[in-house]
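Asks: Below are the structure tokens for one structure; questions will follow.
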Amino acid sequence: MINFQRILGREDEFFTLLEASAQEGANAVTALKRILRNANGTPSLKDFAEARRKDKELTTRLEEMLITTFVTPLEREDLEALAEVLYKIPKTVEKFAERYIIGAPQIAGANFDNQLPLIEQAIQIVLKMVHALREGDLGDIKGLQNKLQAVESQADDVLTDCLAKLYEPGFPSLKAVILKELSDLLEKVIDRCRDAGNVISHVLLKNS
Amino acid sequence: MFSLQKLLGKDDKFFGLLEGAAEEARHSVQALNRSLATPTAVLTMDEFVQARRAEKKIAEQISEALVETFVTTLEREDIEVLSETLYKIPKTVEKFAERFIISATLVKGTSFARHIKLLEAATNQVVAMVKELRDLGEGRLDTIKAMNARLQEIEGEADELILVVLRDLWSGQHETTKVIVMKDLYELLEKVIDRCRDTGKAVTHIVLKNS
């Protein structure tokens with residue numbers, strides 16, 4: 001029997017998958033906070049791998065639905081782009097965590113206290129934006145997008161300050177190499193959040 | 001003379017070109033592997049530049065054929081995406097070779113055996129997957145999904161390998177310049193495998209759409 005519901009709209013399912021994907025990004029950031037706040041404990045990658053794996057499953061499901069569904073709530077390429085950028089958030093967080101654990105013995109005393117709060121803010125804004133997408137509330141999205149851009153710009157400044165310290169003469173070179181890699185990755189997490197915000201704003205504008 | 005055949009389907013041509021592009025990608029990796037497996041060999045750019053040029057030529061032929069052809073079995077944007085991802089394989093290999101040559105003294109004696117194994121497996125898988133496109137239709141999805149899963153596994157192994165080499169590079173036992181150079185090289189090799197994964201994803205997408 002032909003299943004028209006399957007061929008036609010599955011609007012709710014698309015939004016639910018996107019929201020779940022954004023939530024996995026937030027879960028990865030929570031795990032990140034845990035290992036950075038507990039620098040002396042034995043860090044584990046389990047939570048990061050789990051968040052990324054779940055996000056991958058959600059993204060794959062969404063991509064398959066895009067192919068098998070006839071009518072989608074938003075344009076196909078927009079949904080695809082959003083799913084892709086949302087997946088990259090936990091993926092980049094996991095990449096940071098893997099490298100943080102490997103580099104830990106060489107970077108004793110380093111902290112990421114200036115970058116972490118910005119990442120937390122950014123992912124929370126992304127979550128709100130993805131939820132607002134279902135409602136199609138342009139005003140709300142615009143305000144959130146401005147906030148996200150401000151956070152991203154602050155993150156750029158924080159990275160520059162961090163690099164200035166690493167480039168000071170006499171700073172141990174290997175430690176500088178490792179810290180630069182890690183700081184760049186944290187900034188990339190915020191960039192990924194900004195990318196998600198850009199896609200959502202673009203979608204909303206197109207559909208307003 | 002007006003050629004209907006020219007205006008309508010040229011599918012065999014597209015499949016042939018895409019397979020040719022996949023083979024060129026594999027050739028460039030084979031050339032690289034031959035050089036890396038022989039530490040005493042002096043790496044020259046000729047073979048890599050040729051492979052990349054040949055790939056570029058095929059990509060151009062595909063673009064031209066897409067403009068000239070009215071109806072294609074595969075959607076034109078899918079052919080374009082696949083052609084693009086295939087081109088990036090020899091391009092990244094060439095980039096690696098350039099960097100390898102300029103850092104020859106620092107990388108002397110380094111074994112890339114584990115990378116060679118993964119590069120070979122990934123490009124073999126890419127060639128096999130692109131060949132599957134000729135038999136699109138019902139029943140092919142499971143085959144292509146299984147092939148793609150294997151490619152994802154190889155990519156996962158490459159991700160793990162980069163962590164293994166980073167652990168050594170960041171151990172404090174190497175001179176910092178060497179750490180920077182080696183990390184750059186290892187990441188480029190990982191990128192070659194990422195490009196193979198992207199190709200696998202593009203093929204799977206096409207098969208799913210046509211199943």
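Within each chain, counting starts at residue 1; across the structure tokens, chains are named A, B, ... in the order shown, with ligands numbered 1 upward in that order.
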Which polymer residues have any atom within 8 Å of an atom of region 185-188 of chain B, counting only C-alpha atoms, with same-chain residues fewer than 5 positions away left out, as a list of chain:residue names?

Replies: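 My reading of the contact set: B:Thr92, B:Val93, B:Lys95, B:Phe96, B:Arg99, B:Phe100, B:Ile162.
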
Asks: Report as a list in words all protein, DNA and RNA residues lying within 8 Å of region 123-137 of chain B, evaluated on only C-alpha atoms, omitting residues in the same chain fewer than 5 positions from it.

Replies: Phe15, Leu18, Glu19, Ala22, Glu23, Ala25, Arg26, Val29, Ile144, Met147, Asn148, Leu151, Cys196, Thr199, Gly200, Val203, Val207, Asn210 and Ser211 of chain B

Asks: Would you mind listing, for every residue of chain B within 12 Å of chain A, the two atoms forming the shortest contact and the distance between them in Å to one decimal, using only C-alpha atoms, sorted by chain and ascending residue number, as a Markdown table?

Replies:
| residue | atom | partner | partner_atom | distance |
| --- | --- | --- | --- | --- |
| B:Glu77 | CA | A:Glu77 | CA | 12.0 |
| B:Leu141 | CA | A:Glu64 | CA | 12.0 |
| B:Lys145 | CA | A:Thr60 | CA | 11.9 |
| B:Gln152 | CA | A:Lys56 | CA | 11.9 |
| B:Gly156 | CA | A:Ala49 | CA | 11.9 |
| B:Asp159 | CA | A:Lys95 | CA | 9.6 |
| B:Glu160 | CA | A:Glu98 | CA | 9.8 |
| B:Ile162 | CA | A:Arg99 | CA | 10.0 |
| B:Leu163 | CA | A:Arg99 | CA | 7.4 |
| B:Val164 | CA | A:Ile102 | CA | 9.1 |
| B:Val165 | CA | A:Ile102 | CA | 10.3 |
| B:Leu166 | CA | A:Ile102 | CA | 7.5 |
| B:Arg167 | CA | A:Ile102 | CA | 5.6 |
| B:Asp168 | CA | A:Ile102 | CA | 9.2 |
| B:Leu169 | CA | A:Leu174 | CA | 9.5 |
| B:Trp170 | CA | A:Gly103 | CA | 6.3 |
| B:Ser171 | CA | A:Gln106 | CA | 7.6 |
| B:Gly172 | CA | A:Leu174 | CA | 7.3 |
| B:Gln173 | CA | A:Leu174 | CA | 10.1 |
| B:His174 | CA | A:Leu174 | CA | 9.1 |
| B:Glu175 | CA | A:Leu174 | CA | 8.3 |
| B:Thr176 | CA | A:Leu174 | CA | 5.7 |
| B:Thr177 | CA | A:Leu174 | CA | 9.0 |
| B:Lys178 | CA | A:Leu174 | CA | 10.5 |
| B:Val179 | CA | A:Leu174 | CA | 8.1 |
| B:Ile180 | CA | A:Val177 | CA | 7.7 |
| B:Val181 | CA | A:Val177 | CA | 11.5 |
| B:Lys183 | CA | A:Val177 | CA | 10.6 |
| B:Asp184 | CA | A:Glu181 | CA | 11.9 |
| B:Lys201 | CA | A:Thr60 | CA | 10.5 |
| B:Ala202 | CA | A:Glu63 | CA | 11.8 |
| B:Thr204 | CA | A:Glu64 | CA | 10.3 |
| B:His205 | CA | A:Ile67 | CA | 8.3 |
| B:Ile206 | CA | A:Ile67 | CA | 9.6 |
| B:Val207 | CA | A:Ile67 | CA | 10.5 |
| B:Leu208 | CA | A:Ile67 | CA | 7.4 |
| B:Lys209 | CA | A:Ile67 | CA | 5.9 |
| B:Asn210 | CA | A:Ile67 | CA | 9.5 |
| B:Ser211 | CA | A:Thr68 | CA | 10.0 |

Asks: By how many Å are CA of Leu179 (chain A) and CA of Tyr87 (chain A) apart?

Replies: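 Going from CA of Leu179 (chain A) over to CA of Tyr87 (chain A), I get 24.6 Å.
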
Asks: In Å, rounded to a single decimal, give me how far CA of Arg52 (chain A) is from CA of Ala22 (chain A).

Replies: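 Interatomic distance here is 11.0 Å.
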
Asks: Near Glu47 (chain B), counting only C-alpha atoms, which residues have an atom at most 9 Å away, once you skip same-chain residues fewer than 4 positions from it, shown as a list of chain:residue names?

Replies: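 Surrounding residues, per the criterion: B:Ser28, B:Ala31, B:Leu32, B:Ala51, B:Arg52.
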
Asks: Looking at B:Thr44, B:Leu66, B:Asp194, B:Ser35, which one is nearest to Leu17 (chain B), with distances taken over only C-alpha atoms?

Replies: B:Leu66

Asks: Residues at most 8 Å from Ala81 (chain A), counting only C-alpha atoms, excluding those fewer than 4 positions away in the same chain, as a PyMOL selection string?

Replies: chain A and resi 77+85+199

Asks: Now that the selection is made, can you save its residues with N, CA and C atoms as a PDB file, in the first residue's frame?

Replies:
ATOM      1  N   GLU A  77      18.015  21.613   0.484  1.00  0.00           N
ATOM      2  CA  GLU A  77      19.425  21.940   0.683  1.00  0.00           C
ATOM      3  C   GLU A  77      19.658  22.704   1.981  1.00  0.00           C
ATOM      4  N   VAL A  85      25.932  21.238   9.623  1.00  0.00           N
ATOM      5  CA  VAL A  85      26.647  22.136  10.557  1.00  0.00           C
ATOM      6  C   VAL A  85      26.363  21.743  12.009  1.00  0.00           C
ATOM      7  N   VAL A 199      22.827  29.562   9.000  1.00  0.00           N
ATOM      8  CA  VAL A 199      21.916  28.761   8.168  1.00  0.00           C
ATOM      9  C   VAL A 199      20.468  29.004   8.611  1.00  0.00           C
TER      10      VAL A 199
END
